[in-house]
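K.L.:
Okay, handing you the structure first.
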Amino acid sequence: MSLLKTIKKPADLRALTLEQLEELAEEIRHFLVDNVARTGGHLGPNLGVVELTLGIHRVFDSPTDSIVFDTGHQSYVHKLVTGRQNFSTLRQKDGLSGYPDRGESEHDIVESSHASSSLSWVDGISRAYALNGENERYAVALVGDGALTGGMAWEAVNNIAADKDRKAVIVVNDNGRSYAPTIGGLANQLSGLRQRLDKMRTHPAYEDAMDKLKEKLKYSGPVGKFAYKSLHATKKGLKDWWAPQGLFEDLGLKYIGPIDGHNQAAVEEALVQARQFAGPVLVHALTEKGHGYAPAVSDEADQFHAVGVIDPQTGTPVSLPGAQSWTSVFGEEIAQVASEREDIVAITGAMLQPVGLKKMADAFPERVIDVGIAEQHAMTTAAGLAFGGLHPVVCVYATFLNRAFDQLLMDVALHKAGVTIVLDRAGVTGPDGPSHHGMWDMALTQIIPNLHLAAPRDATRLREELREALAIEDAPSVVRFSKGSVGPEVEAIDQLPGGVDVLARLGDRAAPDVLIVSVGAMSELSLDVAQRLNSQGVSVTVVDPRWVLPIPQAVVSLAARHRIVVCIEDGVRAGGIGSRLRTEMRAAGVDTALNEVGLPTEFLAHGTREEVLQRVGLTAQQVAQDTLAQVLGTKVPFARPLPGQELPTGQIPKL
């Protein structure tokens, strides 16, 4: 019988022998490869944390003890051993989330998939347990070495380490490829000695003895103080020789490791030592991303960090690549611009490939800067680069711009720095769920003085608007685009002052009813809405501002000549582009009714982009129905009455 099927809850793991655990680990890896190959998902990270996850659940008692997964994409094994073994709907509508989800299980705590925050959670949770007198409860974080590049993690470490009685355990999953495998007889001997030393150092009696000796020597005159300093320096030097623990222990955090993160016995021995210490401890585990699956291990790019549907035997994609992606269009264009302009430098936060910078990095490695998972630092570094005479391009997912808002406002915009921010995965992204939808950026950026925001509708406009952004040297500029494939080219039939593209004029041009303002990738939907309205006798103009911030004056002027304006965007309605357009219209004395069509202010569950948009009513059929009702005067906001009509007639007007 399958061992995995016998595991219904974490406590079931404690009845297994070491040999059974090794068998279970192998079974879990086969399960992950077979199932993630069918749905897509984060494969490599989860293959690398099998033994660590099993060990954590055997040594600690979830949910009494709180287990926090940094970023959360490596929680698949955790899901399996907490009663969630139906992976057939992973990351699909109404199915299993690709991240921890409180709605799925009491064992899940942190749903946000933004990195480097887990240690702050553990700081807060462990502090709460201490203040509540719940002294037997532990808070445990499983955090990748990549997340430790984020400054927030170190702010938390500083606080955790300051409280010696805090029951907080930090497990560092170190899969960085800068670590070569340590092999050979001497390495094995050192490993065994290191484990014995760690066992001694984490024993409470050791700490008590050391504290007493320290106090005695420090207060026994000059000779005692000299002896204390000498012994302390010798001890620290020896420890740093056995293991790279200096930084952690300098902060006051007990360090265990490094250990082999794929050796179940070593993992559990280290975790037991950490639990027995009953104070803040860091366990350093060396692992291999994609462990046990040859195609992942041999993948030079990212060890199958995230995959689509693949052949589980070979790891090759099942479907051939379709249309060109937005990311690849940007990647080609920024590399080309970099070859033309020596002042162009790019900055990324540990996501060089996902944001399309690999081509530029290959050609100009010294001009692509990876700051790690540190978006705040990236933004202020960009301000400094601009001050130094360069034009920096900060490339992040749209959802991660939230983390650098203060720096964008106060370091970039206030100083009129010529910095371009490129936002990948803007709007509804789909299967990664609430914390990955890039739906907040337009509402956030529109309140920043002098900021310029471009939302290209197709590949040609992306290339054009990127170059236009790079020409702005006295203010921040933002270029946002969607996830996935670029749609067909949408050509303009006319261009108005300020670069506003007219995409369609349908019906009576002398007395137009509806002005549709299409933002970015919503152009296909906007044109579909226009056709549906025109078939009902409603005249429509469709424009794409291209640059949605600042609002072009040509759009405000057009609004004055229509009966109602409909702004269609894939950002939140509250404080979005439609809201800004309404403000600009009122400032210009234009009282045309305006309807903001966008995303509700709520956290949207995972599903395909189409499923999410349909769920919130952002479809051509729904928008056309609502707009028609507004023209007829049966739904607010009411369109301006036709000349000579005091009130809406409730009938389609004769145009």
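If you're wondering about the labels, chains in the structure tokens are A, B, ... by order shown, residues count from 1 in each chain, ligands from 1 in order shown.
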With a distance cut-off of 10 Å and only C-alpha atoms, select the neighbouring residues of Ile334 in chain A, excluding the residue or stretch itself and same-chain residues fewer than 2 positions from it, and output the selection as a list of chain:residue names.

P.N.:
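Skipping anything fewer than 2 positions along the chain leaves A:Ser328, A:Val329, A:Phe330, A:Gly331, A:Glu332, A:Gln336, A:Val337, A:Ala338, A:Ser339, A:Glu340, A:Ile344, A:Val345, A:Ala346, A:Gly356, A:Leu357, A:Lys359, A:Met360, A:Val393, A:Arg463, A:Leu466, A:Arg467, A:Leu470.
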
K.L.:
Might you pull out every residue within 7 Å of range 74-86 of chain A, with only C-alpha atoms counted and same-chain residues fewer than 2 positions away left off, and present them as a PyMOL selection string?

P.N.:
chain A and resi 7-10+45-46+50+53+69+72+88+99-100

K.L.:
With N, CA and C atoms retained, export the selected residues as a PDB file, in the first residue's frame.

P.N.:
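The result, stored in result34.pdb:
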ATOM      1  N   ILE A   7      -1.005   8.768   5.246  1.00  0.00           N
ATOM      2  CA  ILE A   7      -0.735  10.021   5.968  1.00  0.00           C
ATOM      3  C   ILE A   7      -1.928  10.961   5.801  1.00  0.00           C
ATOM      4  N   LYS A   8      -2.729  11.064   6.831  1.00  0.00           N
ATOM      5  CA  LYS A   8      -3.899  11.942   6.811  1.00  0.00           C
ATOM      6  C   LYS A   8      -3.655  13.243   7.564  1.00  0.00           C
ATOM      7  N   LYS A   9      -2.702  13.195   8.484  1.00  0.00           N
ATOM      8  CA  LYS A   9      -2.369  14.364   9.303  1.00  0.00           C
ATOM      9  C   LYS A   9      -0.904  14.262   9.696  1.00  0.00           C
ATOM     10  N   PRO A  10      -0.268  15.370  10.092  1.00  0.00           N
ATOM     11  CA  PRO A  10       1.161  15.336  10.403  1.00  0.00           C
ATOM     12  C   PRO A  10       1.546  14.313  11.463  1.00  0.00           C
ATOM     13  N   PRO A  45      11.232  23.794  -6.474  1.00  0.00           N
ATOM     14  CA  PRO A  45      11.339  24.139  -5.057  1.00  0.00           C
ATOM     15  C   PRO A  45      10.777  23.059  -4.143  1.00  0.00           C
ATOM     16  N   ASN A  46       9.682  22.429  -4.553  1.00  0.00           N
ATOM     17  CA  ASN A  46       9.052  21.430  -3.699  1.00  0.00           C
ATOM     18  C   ASN A  46       9.830  20.126  -3.668  1.00  0.00           C
ATOM     19  N   VAL A  50      11.497  18.169   0.502  1.00  0.00           N
ATOM     20  CA  VAL A  50      10.731  17.013   0.980  1.00  0.00           C
ATOM     21  C   VAL A  50      11.176  16.608   2.377  1.00  0.00           C
ATOM     22  N   THR A  53      10.503  19.294   5.087  1.00  0.00           N
ATOM     23  CA  THR A  53       9.093  19.395   5.478  1.00  0.00           C
ATOM     24  C   THR A  53       8.676  18.223   6.360  1.00  0.00           C
ATOM     25  N   PHE A  69       5.706  29.282   5.793  1.00  0.00           N
ATOM     26  CA  PHE A  69       6.502  29.054   4.590  1.00  0.00           C
ATOM     27  C   PHE A  69       6.757  30.388   3.897  1.00  0.00           C
ATOM     28  N   GLY A  72       5.919  30.651   0.006  1.00  0.00           N
ATOM     29  CA  GLY A  72       4.810  29.699  -0.003  1.00  0.00           C
ATOM     30  C   GLY A  72       4.752  28.776  -1.190  1.00  0.00           C
ATOM     31  N   SER A  88      -5.269  17.127  -8.568  1.00  0.00           N
ATOM     32  CA  SER A  88      -5.756  17.178  -9.950  1.00  0.00           C
ATOM     33  C   SER A  88      -6.241  18.570 -10.332  1.00  0.00           C
ATOM     34  N   TYR A  99      -0.346  27.996  -3.166  1.00  0.00           N
ATOM     35  CA  TYR A  99       0.302  28.581  -1.996  1.00  0.00           C
ATOM     36  C   TYR A  99      -0.491  28.179  -0.751  1.00  0.00           C
ATOM     37  N   PRO A 100       0.034  28.398   0.436  1.00  0.00           N
ATOM     38  CA  PRO A 100      -0.776  28.152   1.633  1.00  0.00           C
ATOM     39  C   PRO A 100      -2.076  28.949   1.576  1.00  0.00           C
TER      40      PRO A 100
END

K.L.:
Please return, as a PyMOL selection string, all residues of range 436-609 of chain A that DSSP assigns to helix (DSSP H, G or I) on the basis of the backbone.

P.N.:
chain A and resi 441-445+459-470+520-534+553-560+577-587+609

K.L.:
Residues of range 435-544 of chain A classed as strand (DSSP E or B) by DSSP on the backbone are to be reported as a ChimeraX atom specification.

P.N.:
/A:438,452-454,477-480,485,494-496,500-506,514-518,540-544

K.L.:
Point out the residue among A:Thr348, A:Ser113, A:Thr287, A:Thr460 with the least atom-to-atom distance to Ile421 in chain A, counting only C-alpha atoms.

P.N.:
A:Thr348
